[in-house]
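J.: File upload.txt follows (compact mmCIF, C-alpha atoms):
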```txt
# COMPACT_ATOMS: atom_id res chain seq x y z
CA MET K 130 -56.08 34.49 -86.36
CA LEU K 131 -53.06 32.25 -87.02
CA VAL K 132 -51.64 32.20 -90.57
CA TYR K 133 -49.01 29.76 -91.84
CA VAL K 134 -48.39 30.04 -95.61
CA ASP K 135 -51.85 29.09 -96.99
CA ASP K 136 -53.29 27.59 -93.79
CA ILE K 137 -55.37 29.77 -91.47
CA VAL K 138 -56.83 29.08 -88.02
CA ILE K 139 -59.43 31.50 -86.68
CA ALA K 140 -60.37 31.48 -82.99
CA SER K 141 -62.92 33.77 -81.39
CA SER K 142 -65.16 33.94 -78.35
CA CYS K 143 -67.84 35.32 -80.69
CA PRO K 144 -68.94 32.93 -83.50
CA HIS K 145 -70.63 35.82 -85.34
CA ALA K 146 -67.33 37.74 -85.50
CA ALA K 147 -65.52 34.68 -86.86
CA ASP K 148 -68.20 34.16 -89.54
CA ARG K 149 -68.00 37.82 -90.57
CA LEU K 150 -64.22 37.62 -90.88
CA LEU K 151 -64.57 34.53 -93.10
CA GLN K 152 -67.03 36.35 -95.32
CA GLN K 153 -64.65 39.30 -95.69
CA LEU K 154 -61.77 36.97 -96.57
CA GLN K 155 -63.89 35.08 -99.12
CA ALA K 156 -64.78 38.37 -100.79
CA THR K 157 -61.09 39.00 -101.49
CA PHE K 158 -59.39 35.59 -101.67
CA PRO K 159 -60.48 32.14 -102.88
CA ILE K 160 -60.59 30.24 -99.59
CA LYS K 161 -62.21 27.02 -98.39
CA ASP K 162 -63.77 26.72 -94.93
CA LEU K 163 -62.90 23.28 -93.54
CA GLY K 164 -65.08 23.70 -90.47
CA PRO K 165 -64.02 23.18 -86.84
CA LEU K 166 -60.30 22.68 -86.21
CA ARG K 167 -59.25 19.03 -86.41
CA TYR K 168 -55.70 18.92 -87.79
CA PHE K 169 -53.16 21.70 -88.33
CA LEU K 170 -49.47 21.31 -89.24
CA GLY K 171 -49.23 17.86 -87.66
CA ILE K 172 -51.14 18.88 -84.53
CA GLU K 173 -54.41 17.07 -83.84
CA ALA K 174 -57.14 19.08 -82.08
CA THR K 175 -59.97 17.31 -80.26
CA SER K 176 -62.79 19.32 -78.72
CA THR K 177 -63.75 18.39 -75.17
CA SER K 178 -66.51 19.52 -72.85
CA GLY K 179 -64.18 21.99 -71.15
CA GLY K 180 -61.89 23.06 -73.97
CA MET K 181 -59.56 21.32 -76.41
CA HIS K 182 -56.93 18.58 -76.38
CA LEU K 183 -53.88 19.08 -78.61
CA CYS K 184 -51.55 16.21 -79.48
CA GLN K 185 -49.33 14.90 -82.29
CA GLN K 186 -50.11 11.19 -82.18
CA LYS K 187 -49.99 10.63 -85.95
CA TYR K 188 -46.80 12.65 -86.26
CA ALA K 189 -45.23 10.67 -83.41
CA MET K 190 -46.09 7.36 -85.05
CA ASP K 191 -44.69 8.60 -88.38
CA LEU K 192 -41.47 9.54 -86.56
CA LEU K 193 -41.23 6.05 -85.07
CA HIS K 194 -41.81 4.56 -88.53
CA ARG K 195 -38.98 6.66 -89.99
CA ALA K 196 -36.66 5.31 -87.28
CA HIS K 197 -37.93 1.72 -87.84
CA MET K 198 -39.01 1.67 -84.17
CA GLU K 199 -42.77 1.34 -84.50
CA ASN K 200 -42.59 -2.06 -82.72
CA CYS K 201 -40.05 -1.06 -80.05
CA ARG K 202 -40.51 -1.70 -76.33
CA PRO K 203 -41.77 1.44 -74.54
CA VAL K 204 -40.02 2.93 -71.51
CA SER K 205 -41.54 5.14 -68.83
CA THR K 206 -38.97 7.97 -68.93
CA PRO K 207 -37.38 9.80 -71.90
CA MET K 208 -33.89 9.93 -70.40
CA SER K 209 -31.61 7.80 -68.22
CA VAL K 210 -30.19 9.41 -65.09
CA GLN K 211 -27.51 6.71 -64.78
CA ASP K 212 -25.84 7.34 -68.15
CA PRO K 213 -25.10 11.08 -68.44
CA LEU K 214 -24.30 12.34 -71.91
CA ALA K 215 -20.95 13.89 -72.80
CA ARG K 216 -19.20 15.02 -75.97
CA ASP K 217 -16.54 12.30 -76.09
CA VAL K 218 -18.54 9.30 -74.82
CA GLY K 219 -19.05 6.56 -77.41
CA THR K 220 -17.94 5.99 -80.99
CA ALA K 221 -18.45 8.77 -83.53
CA LEU K 222 -21.21 8.17 -86.09
CA GLN K 223 -20.29 8.25 -89.75
CA GLY K 224 -22.00 9.02 -93.07
CA ASP K 225 -25.72 8.29 -93.22
CA ASP K 226 -25.87 7.62 -89.48
CA VAL K 227 -25.03 11.28 -88.80
CA PHE K 228 -27.82 12.40 -91.14
CA ARG K 229 -30.25 9.99 -89.47
CA TYR K 230 -29.33 11.32 -86.02
CA ARG K 231 -29.88 14.94 -87.05
CA SER K 232 -33.12 14.09 -88.84
CA MET K 233 -34.57 12.30 -85.80
CA VAL K 234 -33.52 15.06 -83.41
CA GLY K 235 -35.12 17.66 -85.69
CA GLY K 236 -38.31 15.61 -85.75
CA LEU K 237 -38.31 15.35 -81.96
CA GLN K 238 -37.87 19.11 -81.69
CA TYR K 239 -41.14 19.62 -83.57
CA LEU K 240 -42.82 17.02 -81.36
CA THR K 241 -42.14 19.24 -78.34
CA MET K 242 -44.81 21.59 -79.73
CA THR K 243 -47.29 19.58 -77.64
CA ARG K 244 -44.89 17.51 -75.51
CA PRO K 245 -43.24 19.62 -72.79
CA ASP K 246 -42.45 16.38 -70.94
CA ILE K 247 -39.68 15.50 -73.41
CA SER K 248 -38.29 19.03 -73.88
CA PHE K 249 -35.40 18.56 -71.45
CA ALA K 250 -34.27 15.27 -73.01
CA VAL K 251 -34.57 16.66 -76.55
CA ASN K 252 -32.55 19.72 -75.54
CA LYS K 253 -29.78 17.40 -74.34
CA VAL K 254 -29.47 15.42 -77.58
CA CYS K 255 -29.61 18.67 -79.59
CA GLN K 256 -26.30 19.68 -78.03
CA TYR K 257 -24.44 16.95 -79.93
CA LEU K 258 -25.65 17.59 -83.48
CA ALA K 259 -22.18 18.62 -84.66
CA ALA K 260 -20.47 15.32 -83.78
CA PRO K 261 -22.93 12.66 -82.57
CA THR K 262 -21.78 9.29 -81.23
CA ASP K 263 -23.49 5.94 -80.77
CA SER K 264 -24.08 6.88 -77.14
CA HIS K 265 -25.99 9.98 -78.22
CA TRP K 266 -27.98 7.88 -80.70
CA ASP K 267 -28.92 5.49 -77.87
CA ALA K 268 -30.27 8.53 -75.98
CA VAL K 269 -32.38 9.48 -79.02
CA LYS K 270 -33.74 5.95 -79.26
CA ARG K 271 -34.70 6.07 -75.57
CA ILE K 272 -36.74 9.23 -76.22
CA LEU K 273 -38.43 7.47 -79.13
CA ARG K 274 -39.18 4.45 -76.94
CA ASN K 275 -40.82 6.80 -74.43
CA VAL K 276 -42.81 8.41 -77.26
CA LYS K 277 -43.97 4.94 -78.34
CA GLY K 278 -45.77 4.45 -75.01
CA THR K 279 -47.09 8.01 -74.77
CA ALA K 280 -47.94 8.88 -78.39
CA ALA K 281 -51.42 10.18 -77.47
CA THR K 282 -50.07 12.48 -74.75
CA GLY K 283 -50.59 16.18 -75.37
CA ILE K 284 -51.76 19.36 -73.68
CA ASN K 285 -55.23 20.45 -72.64
CA VAL K 286 -56.41 24.00 -73.26
CA ARG K 287 -59.27 24.51 -70.82
CA ARG K 288 -61.99 27.11 -70.63
CA SER K 289 -61.63 29.26 -67.52
CA GLY K 290 -62.51 32.66 -66.16
CA SER K 291 -59.06 33.00 -64.60
CA THR K 292 -56.51 35.36 -66.18
CA LEU K 293 -53.76 34.53 -63.69
CA LEU K 294 -50.29 34.03 -65.19
CA SER K 295 -48.24 31.44 -63.29
CA VAL K 296 -44.60 30.51 -63.95
CA PHE K 297 -42.75 27.45 -62.64
CA THR K 298 -38.98 27.11 -63.13
CA ASP K 299 -36.24 24.59 -62.38
CA ALA K 300 -32.58 23.98 -63.23
CA ASP K 301 -30.02 21.20 -63.03
CA TRP K 302 -26.84 22.62 -61.54
CA ALA K 303 -23.73 21.94 -63.68
CA GLY K 304 -25.62 19.25 -65.55
CA CYS K 305 -23.35 19.32 -68.63
CA ALA K 306 -20.24 17.19 -68.17
CA ASP K 307 -18.41 19.08 -70.94
CA ASP K 308 -18.62 22.70 -69.80
CA ARG K 309 -20.33 22.51 -66.35
CA ARG K 310 -23.16 24.75 -67.49
CA SER K 311 -26.66 24.22 -66.15
CA THR K 312 -29.86 23.63 -68.09
CA GLY K 313 -32.84 25.68 -66.99
CA GLY K 314 -36.48 25.23 -67.80
CA HIS K 315 -39.79 26.96 -67.24
CA VAL K 316 -43.49 26.51 -67.91
CA VAL K 317 -46.09 29.28 -68.11
CA PHE K 318 -49.78 28.78 -67.32
CA PHE K 319 -52.59 31.16 -68.26
CA GLY K 320 -55.26 30.20 -65.76
CA PRO K 321 -55.25 26.38 -65.80
CA SER K 322 -53.87 26.11 -69.36
CA LEU K 323 -50.23 25.56 -70.26
CA ILE K 324 -49.30 28.13 -72.92
CA SER K 325 -45.48 28.23 -73.04
CA TRP K 326 -42.50 26.11 -72.02
CA SER K 327 -38.79 25.91 -72.63
CA ALA K 328 -35.66 23.94 -71.67
CA ARG K 329 -32.28 25.39 -72.66
CA LYS K 330 -28.67 25.44 -71.51
CA GLN K 331 -27.71 28.57 -69.61
CA PRO K 332 -25.09 30.78 -71.35
CA THR K 333 -22.73 31.02 -68.35
CA VAL K 334 -21.49 28.71 -65.59
CA SER K 335 -23.36 28.98 -62.30
CA ARG K 336 -21.25 28.81 -59.15
CA SER K 337 -24.05 27.34 -57.03
CA SER K 338 -27.41 25.61 -57.41
CA THR K 339 -29.04 28.79 -56.08
CA GLU K 340 -27.49 30.85 -58.88
CA ALA K 341 -28.66 28.32 -61.49
CA GLU K 342 -32.20 28.47 -60.06
CA TYR K 343 -32.25 32.28 -60.13
CA LYS K 344 -31.12 32.30 -63.77
CA ALA K 345 -33.95 29.91 -64.65
CA LEU K 346 -36.38 32.14 -62.78
CA ALA K 347 -35.14 35.23 -64.65
CA ASN K 348 -35.67 33.47 -68.00
CA GLY K 349 -39.19 32.49 -66.97
CA ALA K 350 -39.97 36.06 -65.89
CA ALA K 351 -38.66 37.37 -69.21
CA GLU K 352 -40.98 34.99 -71.06
CA VAL K 353 -44.00 36.32 -69.17
CA THR K 354 -42.94 39.91 -69.83
```
Could you render the structure as structure tokens?
T.:
Amino acid sequence: MLVYVDDIVIASSCPHAADRLLQQLQATFPIKDLGPLRYFLGIEATSTSGGMHLCQQKYAMDLLHRAHMENCRPVSTPMSVQDPLARDVGTALQGDDVFRYRSMVGGLQYLTMTRPDISFAVNKVCQYLAAPTDSHWDAVKRILRNVKGTAATGINVRRSGSTLLSVFTDADWAGCADDRRSTGGHVVFFGPSLISWSARKQPTVSRSSTEAEYKALANGAAEVT
């Protein structure tokens, strides 16, 4: 059972147990059963023959509308490898532009709930919230242009008899031009289903690519634990 304020999602492998829990809740609280899960906190759930597809298409389009980019030209990748971000690159944003930058980055952070493919790029633009520049804003707009062409992308939770936990990790060595720290990432699968993912800057400087990879692996192992 997942509870968020006054919204509740109940999942069970036994329909009878779920119905009994609803009856017990109704006996104590005034609740309304909305039936099978369709929409929850901006996340759209679509039942499939083998499980469920989770995406945030409506939320993504609302985000594009807020940025006045609903008619922008899509791009295939969320980040450019030819224009690395740095603290002092570009002209500092002022006034409302700073608020707009932080608002869009916050919105993109929530979009990563079902979009692990943009987690790395969103992590990068999050690092410049204190003093964003027009170069950083261009990076945010590129992520939004990628979202425009992939708004229906999400994750599939599939039915499976496997209980195998699998972790995949990676790291970019000294990827930050400002402090030479690496960004590590990991994804965790339960059977064939993706259940957890993260991309974050490592707290210390790695002296080699091997060290950066081992730190990413340690973070992934800690997540599984």
J.: Given the choices K:Gly219, K:Gly313, K:Gly236, K:Pro159, which gets closest to Ala300 (chain K) if the distance is worked out from all atoms listed in the file?
T.: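 Of all the options, K:Gly313 lies closest to Ala300 (chain K).
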J.: Which polymer residues have any atom within 7 Å of an atom of Asp263 (chain K), counting all atoms listed in the file, with same-chain residues fewer than 5 positions away left out, as a PyMOL selection string?
T.: chain K and resi 219-222
J.: Would you mind exporting C-alpha atoms of the selected residues as a compact mmCIF listing (two decimals), in the frame of the given file?
T.:
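Result file follows (part_6.txt):
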```txt
# COMPACT_ATOMS: atom_id res chain seq x y z
CA GLY K 219 -19.05 6.56 -77.41
CA THR K 220 -17.94 5.99 -80.99
CA ALA K 221 -18.45 8.77 -83.53
CA LEU K 222 -21.21 8.17 -86.09
```
J.: Determine the nearest neighbour of Met242 (chain K) from the options K:Leu323, K:Ala303, K:Leu150, K:Met208, counting only C-alpha atoms.
T.: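 The closest residue to Met242 (chain K) is K:Leu323.
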J.: Hey, which of K:Tyr188, K:Tyr133, K:Phe249, K:Phe158 ends up closest to Gly304 (chain K)? Count all atoms listed in the file.
T.: K:Phe249
J.: Please compute the CA of Gln152 (chain K)-CA of His182 (chain K) distance, one decimal, in Å.
T.: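 Going from CA of Gln152 (chain K) over to CA of His182 (chain K) covers 27.9 Å.
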J.: Kindly indicate which residue among K:Lys270, K:His197, K:Arg167, K:Arg329 lies nearest to Cys305 (chain K), using only C-alpha atoms for the distances.
T.: K:Arg329
J.: So the first atom is CA of Thr243 (chain K) and the second is CA of Lys344 (chain K); what is the distance between them in Å, to one decimal place?
T.: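 These two atoms are separated by 24.8 Å.
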J.: What is the distance between CA of Asp299 (chain K) and CA of Gln185 (chain K), in Å to one decimal?
T.: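 Between these atoms lies a distance of 25.7 Å.
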J.: Give me the residues near Thr241 (chain K) as an NGL selection string, where near means some atom within 12 Å (using all atoms listed in the file) and where sequence neighbours in that chain fewer than 3 positions away do not count.
T.: :K and (171-172 or 183-186 or 188-189 or 234-238 or 244-252 or 272 or 276 or 280 or 282-284 or 325-328)
J.: Which of these, K:Leu131, K:Ile324, K:Val138, K:Ala260, has the shortest distance to Asp217 (chain K) once you count all atoms listed in the file?
T.: K:Ala260
J.: When you count all atoms listed in the file, which of these residues is closest to His315 (chain K): K:Ala345, K:Leu170, K:Gly179, K:Gly290?
T.: K:Ala345
J.: Compile the contact shell of Ala215 (chain K) as a PyMOL selection string: residues with an atom at most 7 Å away, counting all atoms listed in the file, same-chain residues fewer than 2 positions apart removed.
T.: chain K and resi 213+217-218+306-307
